[in-house]
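Taking it in order: structure first as structure tokens, then the write-up.
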Amino acid sequence: MSWLAVFLWLFASDVSAQPTTSLVALTNQVWRYNDTGADLGVAWRATAYTNDNVWRSGPGLFGVETSVPYPYPEPIRTPLVLGGGRITYYFRTHFNFSGDRSRISLFATGYVDDGAVFYLNGTEAGRVRLTNNPVTFTSRAQLANPEGLPVVLEFSTTNLVQGSNALAVEVHQASDTSADVVFGMSLEAIGSQPPSITNPAEPADRTVAQGDSTTLTVFASGFPPPAYQWFKNTVAIPGATDSSLSLMNVSAVDIGNYFVRLTNTSGNITSRTAVVTVLLDTNAPTILYALGQPNLTDILIVFSEPVNGSEAQDNFSWKVDEVGGGTSLTVLPGTLSNGTNLLLPTMELRAPDTAYVVRTDNLIEDDFGNTLPVGTEVPVALFVVVPPLIPLDDTHPWRYNQSGVDLGTNWTSPAYDDSTWLRGSAPFDAFRSPGSETTCRAVLPATGGAVGTCLTLSNADQTAQIPAVYFRTHFMFEGDAAHSVLHLESILNDGAVYYLNGVELQRLGMPEGAITYNTLANREIFEATTETSDLNAPSLVSGDNVLAVELHQFSLSSPALTLGLTLTAVLPTFPAIHPRLTISVTGGTMELNWSPAVGRVESTDDLTGSWTPLTASDPPGQHIAPASDPRRFFRVVVP
């Protein structure tokens with residue numbers, strides 16, 4: 001549908017319920033016209049111009065049109081003389097009006113090849129395909145392309161008078177050798193209607209978490225279309241003149257009472273007042289985990305929420321020490337991504353068999369001024385990869401829905417019944433060569449292996465291409481869900497949103513904001529390749545999990561659709577902690593101390609004999625006893 005067709009549809013939908021009076025009809029209005037090719041200056045536009053009594057007359061449409069197929073809705077009823085260097089044609093007619101001009105709007109619908117200027121009672125009312133410069137006899141129009149489409153202009157009613165009104169039009173060609181010329185128009189007076197709010201419950205109250213966004217919306221009718229002005233706490237909001245008001249990244253300043261006032265020439269109406277409440281974030285950020293990278297210098301620190309980049313990346317904000325107070329590593333400036341993932345390098349290598357802790361040495365704030373306390377300490381974990389939770393092969397079953405039906409949002413829930421969906425194995429693929437039907441490729445280029453399941457690109461009755469396909473699968477997870485990382489390798493064409501147990505996990509190639517069935521991907525993938533992601537997954541649970549994927553097309557003519565993935569869990573483990581044991585004797589008293597203060601102390605008088613646990617009443621990390629034995633050995637055992 002062209003932009004003009006859309007405009008006409010919107011125009012028709014706005015005025016269909018309004019009282020309409022035809023002032024000038026397209027086909028049976030008699031016009032006087034001058035196609036002699038003479039320059040008539042400007043006097044011919046005036047209401048009192050009388051020399052048009054020697055012009056010829058006839059009904060619309062006027063002109064010469066030889067295109068096949070014929071592009072106009074009505075035939076040419078009055079031919080015009082074409083050629084001879086003619087650029088400009090003149091037309092005049094009169095119509096009667098009675099009523100209150102402040103209560104109506106004037107809309108002209110014209111068919112013009114190539115351009116035109118319209119005059120109402122001697123004053124210009126509009127123009128089409130002519131520049132804003134003064135129009136003269138020799139002014140050339142822009143070419144009408146495509147031909148046959150109507151133009152809709154709203155005329156000001158300022159120059160409309162009671163009784164007889166003069167309507168004058170000059171039609172201009174794009175070239176003095178043009179092979180066609182066409183003119184015809186209608187003029188309608190459309191009665192006004194005061195604004196009315198479709199749903200009196202709008203705008204609705206909103207409760208929004210700090211940093212999120214929300215939109216207040218009002219749907220209204222009225223003619224002319226009403227103007228909008230939003231208010232907060234009775235004060236007009238500058239620039240807030242649309243049917244909706246978006247509040248982005250809300251904070252305490254957005255708390256308040258909002259309403260909108262709608263106004264047109266027939267009256268005004270004020271909406272209900274919506275109360276916007278902002279749930280302020282008063283929780284300090286936390287460190288979810290610190291992950292030692294394989295290069296033994298980088299440590300990935302993941303925060304529970306976005307934090308201040310300059311503070312988090314500052315190397316003076318961190319300490320990295322051996323457990324038990326051993327060697328400290330020199331920390332270098334870090335790199336923060338997505339506001340939550342900090343890659344913190346050290347100058348020295350970490351010892352592979354030594355446990356380390358990372359500690360904050362300065363305050364680190366979130367986006368709302370809440371601070372991660374100084375001295376916050378977490379162990380540096382070493383992660384091990386377990387076998388894939390979801391492998392990319394025919395051993396793992398999927399359910400999928402390619403019916404071309406919008407399933408809303410409930411389909412991502414773990415409890416959703418997908419038993420009627422189709423079954424298949426990954427990778428999924430659909431492909432269509434130019435000018436052909438959807439086919440099934442034997443080999444997927446991204447993997448070099450076989451396609452597991454063939455998809456379709458069209459809906460069930462083959463009447464339209466579908467924008468999205470739904471997928472669901474289950475997997476079992478055993479481990480520390482709170483601190484584990486999910487490693488996702490996706491083969492994707494074009495975009496997708498991933499949901500874990502009903503909660504969005506990530507999106508690739510999709511726009512920000514709410515995603516619906518008809519949302520298109522914001523990138524076009526000509527051939528799918530593997531994309532990798534390491535994801536914190538707060539919705540991961542021990543036991544059964546449901547991964548749901550919404551696969552989207554870049555356009556409704558995209559030639560391919562592909563989905564394949566491998567999902568792996570990366571589990572935290574910690575190196576063995578080796579307490580450092582010291583012994584001192586003062587007088588007749590022996591004192592044992594060890595750090596960190598974990599495990600239990602045991603003793604023996606013979607290294608080849610058995611070891612005896614000592615009393616559990618000692619303080620953590622310490623044992624004090626008389627130094628009475630001639631020889632004794634001690635050790636600390638960590639479970």
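Labeling convention for the structure tokens: chains A, B, ... as they appear, residues from 1 per chain, ligands from 1 in order of appearance.
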Shell of 6 Å around segment 63-74 of chain A, only C-alpha atoms, local chain residues under 4 positions omitted, as a PDB file with N, CA, C and O atoms, in the first residue's frame:
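Final file, selection.pdb:
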ATOM      1  N   PRO A  79     -12.086  16.554 -23.659  1.00  0.00           N
ATOM      2  CA  PRO A  79     -10.699  16.543 -24.140  1.00  0.00           C
ATOM      3  C   PRO A  79     -10.093  17.952 -24.098  1.00  0.00           C
ATOM      4  O   PRO A  79     -10.784  18.964 -24.216  1.00  0.00           O
ATOM      5  N   LEU A  80      -8.780  18.008 -23.932  1.00  0.00           N
ATOM      6  CA  LEU A  80      -8.030  19.252 -24.001  1.00  0.00           C
ATOM      7  C   LEU A  80      -7.086  19.196 -25.193  1.00  0.00           C
ATOM      8  O   LEU A  80      -6.729  18.127 -25.671  1.00  0.00           O
ATOM      9  N   GLY A 148      -2.461   8.621 -11.928  1.00  0.00           N
ATOM     10  CA  GLY A 148      -3.764   8.097 -11.536  1.00  0.00           C
ATOM     11  C   GLY A 148      -4.068   8.147 -10.068  1.00  0.00           C
ATOM     12  O   GLY A 148      -5.198   7.867  -9.672  1.00  0.00           O
ATOM     13  N   ASP A 180       0.518  13.657 -22.214  1.00  0.00           N
ATOM     14  CA  ASP A 180      -0.807  13.608 -21.595  1.00  0.00           C
ATOM     15  C   ASP A 180      -0.981  14.795 -20.655  1.00  0.00           C
ATOM     16  O   ASP A 180      -0.022  15.435 -20.225  1.00  0.00           O
ATOM     17  N   VAL A 181      -2.239  15.096 -20.366  1.00  0.00           N
ATOM     18  CA  VAL A 181      -2.600  16.108 -19.385  1.00  0.00           C
ATOM     19  C   VAL A 181      -3.975  15.727 -18.831  1.00  0.00           C
ATOM     20  O   VAL A 181      -4.849  15.303 -19.579  1.00  0.00           O
ATOM     21  N   VAL A 182      -4.143  15.819 -17.491  1.00  0.00           N
ATOM     22  CA  VAL A 182      -5.395  15.403 -16.860  1.00  0.00           C
ATOM     23  C   VAL A 182      -5.707  16.342 -15.707  1.00  0.00           C
ATOM     24  O   VAL A 182      -4.810  16.749 -14.966  1.00  0.00           O
TER      25      VAL A 182
END
Find the residues near Thr207 of chain A: any atom within 12 Å, counting only C-alpha atoms, skip ones fewer than 4 places away on the same chain, and give them as a short mmCIF file (atom, residue, chain, number, x, y, z; two decimals) with N, CA, C and O atoms, in the first residue's frame.
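New file selection_15.cif:
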data_model
loop_
_atom_site.label_atom_id
_atom_site.label_comp_id
_atom_site.auth_asym_id
_atom_site.auth_seq_id
_atom_site.Cartn_x
_atom_site.Cartn_y
_atom_site.Cartn_z
N ASP A 212 12.78 2.03 34.58
CA ASP A 212 11.98 1.48 33.49
C ASP A 212 11.25 2.60 32.77
O ASP A 212 11.35 3.79 33.13
N SER A 213 10.48 2.25 31.75
CA SER A 213 9.73 3.23 30.97
C SER A 213 8.26 2.84 30.92
O SER A 213 7.92 1.66 31.10
N THR A 214 7.42 3.80 30.67
CA THR A 214 5.99 3.53 30.53
C THR A 214 5.39 4.55 29.57
O THR A 214 5.98 5.60 29.31
N THR A 215 4.21 4.23 29.04
CA THR A 215 3.55 5.12 28.10
C THR A 215 2.08 5.29 28.50
O THR A 215 1.38 4.30 28.74
N LEU A 216 1.65 6.53 28.60
CA LEU A 216 0.24 6.87 28.82
C LEU A 216 -0.39 7.15 27.46
O LEU A 216 0.18 7.87 26.65
N LEU A 247 7.17 8.13 29.16
CA LEU A 247 8.07 8.50 30.26
C LEU A 247 9.21 7.50 30.25
O LEU A 247 9.02 6.32 30.54
N VAL A 250 12.31 6.27 34.15
CA VAL A 250 11.61 7.07 35.17
C VAL A 250 12.40 7.14 36.47
O VAL A 250 13.17 6.23 36.81
N SER A 251 12.19 8.24 37.16
CA SER A 251 12.82 8.47 38.46
C SER A 251 11.81 9.21 39.33
O SER A 251 10.64 9.35 38.98
N ASP A 254 9.38 11.88 38.00
CA ASP A 254 8.23 11.53 37.17
C ASP A 254 7.00 11.17 37.99
O ASP A 254 5.93 10.94 37.41
N ILE A 255 7.13 11.10 39.29
CA ILE A 255 5.97 10.82 40.13
C ILE A 255 4.99 11.98 40.02
O ILE A 255 5.38 13.15 40.10
N GLY A 256 3.71 11.70 39.80
CA GLY A 256 2.75 12.78 39.70
C GLY A 256 1.44 12.36 39.07
O GLY A 256 1.18 11.17 38.82
N ALA A 274 -4.33 10.25 35.50
CA ALA A 274 -3.60 9.01 35.78
C ALA A 274 -2.54 9.29 36.83
O ALA A 274 -1.78 10.26 36.73
N VAL A 275 -2.49 8.46 37.84
CA VAL A 275 -1.48 8.58 38.90
C VAL A 275 -0.30 7.70 38.54
O VAL A 275 -0.44 6.49 38.38
N VAL A 276 0.86 8.31 38.39
CA VAL A 276 2.09 7.57 38.09
C VAL A 276 2.90 7.44 39.37
O VAL A 276 3.30 8.44 39.97
N THR A 277 3.11 6.20 39.77
CA THR A 277 3.89 5.89 40.97
C THR A 277 5.20 5.23 40.54
O THR A 277 5.20 4.33 39.70
N VAL A 278 6.30 5.69 41.09
CA VAL A 278 7.61 5.14 40.76
C VAL A 278 8.14 4.40 41.98
O VAL A 278 8.23 4.96 43.08
N LEU A 279 8.45 3.11 41.78
CA LEU A 279 9.05 2.31 42.85
C LEU A 279 10.55 2.58 42.84
O LEU A 279 11.28 2.07 41.99
N LEU A 280 10.98 3.40 43.78
CA LEU A 280 12.38 3.81 43.80
C LEU A 280 13.28 2.65 44.20
O LEU A 280 12.94 1.85 45.08
#
* Can you list, as a PyMOL selection string, all residues belonging to segment 344-474 of chain A that DSSP tags as strand (DSSP E)? => chain A and resi 344-345+356-360+364-365+371-372+377-385+398-401+422-424+428-431+453-454+468-474
* Any idea what's packed within 12 Å of Val443 of chain A, counting only C-alpha atoms, ignoring anything in its chain fewer than 4 positions away? Could you give it as a ChimeraX atom specification? -> /A:427-431,439,447-454
Write the residues of the preceding selection, restricted to N, CA and C atoms, as a PDB file, in the first residue's frame.
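The file below, out07.pdb, is the result:
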ATOM      1  N   PRO A 427      19.100 -28.718  13.591  1.00  0.00           N
ATOM      2  CA  PRO A 427      18.692 -27.349  13.251  1.00  0.00           C
ATOM      3  C   PRO A 427      17.435 -27.310  12.382  1.00  0.00           C
ATOM      4  N   PHE A 428      16.663 -26.218  12.552  1.00  0.00           N
ATOM      5  CA  PHE A 428      15.450 -25.968  11.771  1.00  0.00           C
ATOM      6  C   PHE A 428      15.810 -25.011  10.636  1.00  0.00           C
ATOM      7  N   ASP A 429      15.189 -25.211   9.471  1.00  0.00           N
ATOM      8  CA  ASP A 429      15.578 -24.381   8.335  1.00  0.00           C
ATOM      9  C   ASP A 429      14.465 -24.324   7.295  1.00  0.00           C
ATOM     10  N   ALA A 430      14.341 -23.164   6.671  1.00  0.00           N
ATOM     11  CA  ALA A 430      13.488 -22.989   5.488  1.00  0.00           C
ATOM     12  C   ALA A 430      14.263 -22.128   4.512  1.00  0.00           C
ATOM     13  N   PHE A 431      14.122 -22.430   3.221  1.00  0.00           N
ATOM     14  CA  PHE A 431      14.891 -21.703   2.212  1.00  0.00           C
ATOM     15  C   PHE A 431      14.069 -21.624   0.935  1.00  0.00           C
ATOM     16  N   THR A 439      11.832 -24.655  -0.032  1.00  0.00           N
ATOM     17  CA  THR A 439      12.446 -25.965  -0.191  1.00  0.00           C
ATOM     18  C   THR A 439      13.173 -26.350   1.092  1.00  0.00           C
ATOM     19  N   THR A 447      26.712 -25.291   9.422  1.00  0.00           N
ATOM     20  CA  THR A 447      27.276 -26.436  10.140  1.00  0.00           C
ATOM     21  C   THR A 447      27.932 -27.447   9.215  1.00  0.00           C
ATOM     22  N   GLY A 448      27.534 -27.445   7.951  1.00  0.00           N
ATOM     23  CA  GLY A 448      27.998 -28.481   7.044  1.00  0.00           C
ATOM     24  C   GLY A 448      27.308 -29.804   7.263  1.00  0.00           C
ATOM     25  N   GLY A 449      26.350 -29.824   8.213  1.00  0.00           N
ATOM     26  CA  GLY A 449      25.617 -31.046   8.511  1.00  0.00           C
ATOM     27  C   GLY A 449      24.194 -30.984   8.006  1.00  0.00           C
ATOM     28  N   ALA A 450      23.462 -32.054   8.260  1.00  0.00           N
ATOM     29  CA  ALA A 450      22.105 -32.164   7.754  1.00  0.00           C
ATOM     30  C   ALA A 450      21.160 -31.241   8.505  1.00  0.00           C
ATOM     31  N   VAL A 451      20.122 -30.784   7.806  1.00  0.00           N
ATOM     32  CA  VAL A 451      19.021 -30.046   8.430  1.00  0.00           C
ATOM     33  C   VAL A 451      18.163 -31.036   9.205  1.00  0.00           C
ATOM     34  N   GLY A 452      17.834 -30.683  10.457  1.00  0.00           N
ATOM     35  CA  GLY A 452      17.045 -31.591  11.270  1.00  0.00           C
ATOM     36  C   GLY A 452      15.575 -31.563  10.946  1.00  0.00           C
ATOM     37  N   THR A 453      15.017 -30.347  10.778  1.00  0.00           N
ATOM     38  CA  THR A 453      13.588 -30.188  10.510  1.00  0.00           C
ATOM     39  C   THR A 453      13.394 -29.058   9.521  1.00  0.00           C
ATOM     40  N   CYS A 454      12.558 -29.307   8.511  1.00  0.00           N
ATOM     41  CA  CYS A 454      12.271 -28.285   7.512  1.00  0.00           C
ATOM     42  C   CYS A 454      11.081 -27.446   7.954  1.00  0.00           C
TER      43      CYS A 454
END
* **Which residue of A:Asn295, A:Ser196, A:Asn501, A:Ser490 approaches Thr529 of chain A most closely, using only C-alpha atoms** =>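 So, comparing all the options, the nearest one is A:Ser490.
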